[in-house]
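Colleague: Please find one structure pasted underneath; my questions will follow.
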Amino acid sequence: MNLVALFGAELKREFILLVRYPFELVSRLIWNLGFALMIYFGFGAVGNALPGFQDDQLGRLLGLLITFIAINGINNATELLAEETQTGTLEQAALSPPPLVLIMLMRDLASFVEMLVRFVLVMAIAMALTGARFHLDVVSFTVLLTLMYLGLEGIGMMLGGAALLYKRIATLAQFAVMLVFGLAVLPLNSLPNWMGGFVDYFPFTQALVLLRANAIQGVPLSQLIADGSVLKLAATTLIFLSVGLVSFIVAERKARDWGTLNQY
């Protein structure tokens, strides 16, 4: 099985859809930028009354901008499965030579590439409108965002597996999205102590802390690698992704046994 060819086909499909539906692309850009700026300026207006909020404005803007990539990683597998079900092609995908889990993974990674391109454009516009200045390092951003996305992709695959079995899991997916959003806008050091362990070992918050250090404080990626921070994120990502892939495979097998793979 040629994974490169499979990924290339999914990447081509992703950009064909962008060209074919330009209104959808423009709508995504406006939504990503508009929502981030609304929250950013909203917190800026009340920040003086909230301890720790005003000082974290740059970090909050960065968090909001990468939130859309994080949400995509969590929701993409479920949305793709719903799309395949609605078009009646899920069984065809499940019977194709590549395993369904690989099709979902390659499709998600192709979507991530599109998200990176959109992220760069939205970030440039946001910087121009707000006057915010970040230390932009393409390599650092790509490495850290990729590790974050793959870790959250593991959560997305878990949700995708649940969707194969239980179909309607919108509430669970919305909870995951709101969790990421909350972590993006709240000062992490203000969270209660009982959340400390979760924050330290959640791919989104790990990546957010490193991205803030890199983009706001100017800490180079080489230093983050040397102190073990990137390795810790990579290890967490590997665990989340592995558990997610195994969960999806198990769920798919159960759905085949139950005969409910393409029923809704």
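Identifiers in the structure tokens: chain A, B, ... in order shown; residue index from 1 per chain; ligand index from 1 in order shown.
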List the neighbours of Ala36 in chain A out to 7 Å using only C-alpha atoms; skip same-chain residues closer than 6 positions along the sequence, and give me the result as a PyMOL selection string.
Modeller: chain A and resi 61+64-65
Colleague: Among range 55-252 of chain A, which residues carry a DSSP assignment of alpha helix (DSSP H), reported as a PyMOL selection string?
Modeller: chain A and resi 57-87+90-95+100-130+138-166+170-185+196-200+203-215+221-226+229-252
Colleague: For Thr146 in chain A, please output as a PyMOL selection string all residues within 12 Å (counting only C-alpha atoms; exclusion window: fewer than 4 positions along the same chain).
Modeller: chain A and resi 66+69-70+73+108-113+115-116+138-142+150-153+203-204+207+211+230+233-234+237-238
Colleague: Can I get the selected residues back with C-alpha atoms, as a PDB file, in the first residue's frame?
Modeller:
ATOM      1  CA  ILE A  66      -4.523  27.876  16.653  1.00  0.00           C
ATOM      2  CA  ILE A  69      -6.617  23.885  13.852  1.00  0.00           C
ATOM      3  CA  ALA A  70      -7.205  22.092  17.154  1.00  0.00           C
ATOM      4  CA  GLY A  73      -8.268  17.807  14.555  1.00  0.00           C
ATOM      5  CA  ASP A 108      -7.381  14.419   8.055  1.00  0.00           C
ATOM      6  CA  LEU A 109      -3.705  15.102   7.353  1.00  0.00           C
ATOM      7  CA  ALA A 110      -4.597  16.554   3.955  1.00  0.00           C
ATOM      8  CA  SER A 111      -7.106  18.799   5.703  1.00  0.00           C
ATOM      9  CA  PHE A 112      -4.364  19.834   8.133  1.00  0.00           C
ATOM     10  CA  VAL A 113      -2.167  21.020   5.257  1.00  0.00           C
ATOM     11  CA  MET A 115      -5.518  24.460   7.580  1.00  0.00           C
ATOM     12  CA  LEU A 116      -1.851  25.478   7.815  1.00  0.00           C
ATOM     13  CA  VAL A 138       7.898  28.699   9.891  1.00  0.00           C
ATOM     14  CA  VAL A 139       9.806  25.584  10.951  1.00  0.00           C
ATOM     15  CA  SER A 140       8.950  25.999  14.643  1.00  0.00           C
ATOM     16  CA  PHE A 141       5.278  26.655  13.937  1.00  0.00           C
ATOM     17  CA  THR A 142       5.039  23.713  11.545  1.00  0.00           C
ATOM     18  CA  LEU A 150      -1.652  14.618  15.562  1.00  0.00           C
ATOM     19  CA  GLY A 151      -2.314  14.395  19.295  1.00  0.00           C
ATOM     20  CA  LEU A 152      -5.778  15.898  18.910  1.00  0.00           C
ATOM     21  CA  GLU A 153      -6.298  13.689  15.876  1.00  0.00           C
ATOM     22  CA  PRO A 203      -1.490  18.042  23.479  1.00  0.00           C
ATOM     23  CA  PHE A 204      -3.274  21.356  22.931  1.00  0.00           C
ATOM     24  CA  ALA A 207       1.716  22.959  22.227  1.00  0.00           C
ATOM     25  CA  LEU A 211       4.116  28.190  20.788  1.00  0.00           C
ATOM     26  CA  VAL A 230       9.254  19.103  22.450  1.00  0.00           C
ATOM     27  CA  LEU A 233       4.878  16.883  23.514  1.00  0.00           C
ATOM     28  CA  ALA A 234       5.922  14.240  20.963  1.00  0.00           C
ATOM     29  CA  THR A 237       1.091  12.981  20.879  1.00  0.00           C
ATOM     30  CA  LEU A 238       2.214   9.420  20.204  1.00  0.00           C
TER      31      LEU A 238
END
Colleague: Check the smallest atom-to-atom distance from each of A:Ile249, A:Ala226, A:Leu210, A:Val243 to Met104 in chain A using only C-alpha atoms, then report the winner.
Modeller: A:Ile249
Colleague: Do you know which residues are at most 12 Å from Gly131 in chain A counting only C-alpha atoms, after dropping those on the same chain fewer than 4 positions away, and could you put them as a PDB file with C-alpha atoms, in the first residue's frame?
Modeller:
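selection-v3.pdb written:
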ATOM      1  CA  LEU A  37     -10.771  39.130  16.767  1.00  0.00           C
ATOM      2  CA  GLN A  57      -3.502  39.265  25.384  1.00  0.00           C
ATOM      3  CA  LEU A  58      -0.850  38.238  22.856  1.00  0.00           C
ATOM      4  CA  LEU A  61      -4.714  35.879  20.312  1.00  0.00           C
ATOM      5  CA  MET A 123      -2.482  35.187  11.283  1.00  0.00           C
ATOM      6  CA  ALA A 124      -1.015  37.765   8.881  1.00  0.00           C
ATOM      7  CA  ILE A 125      -4.348  39.625   8.661  1.00  0.00           C
ATOM      8  CA  ALA A 126      -4.823  39.469  12.453  1.00  0.00           C
ATOM      9  CA  MET A 127      -1.348  40.922  13.024  1.00  0.00           C
TER      10      MET A 127
END
Colleague: Would you mind telling me which residue in A:Pro22, A:Gly59, A:Gly156, A:Gly34 lies nearest to Leu186 in chain A when using only C-alpha atoms?
Modeller: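 Going through A:Pro22, A:Gly59, A:Gly156, A:Gly34 one by one, the smallest distance to Leu186 in chain A is for A:Gly59.
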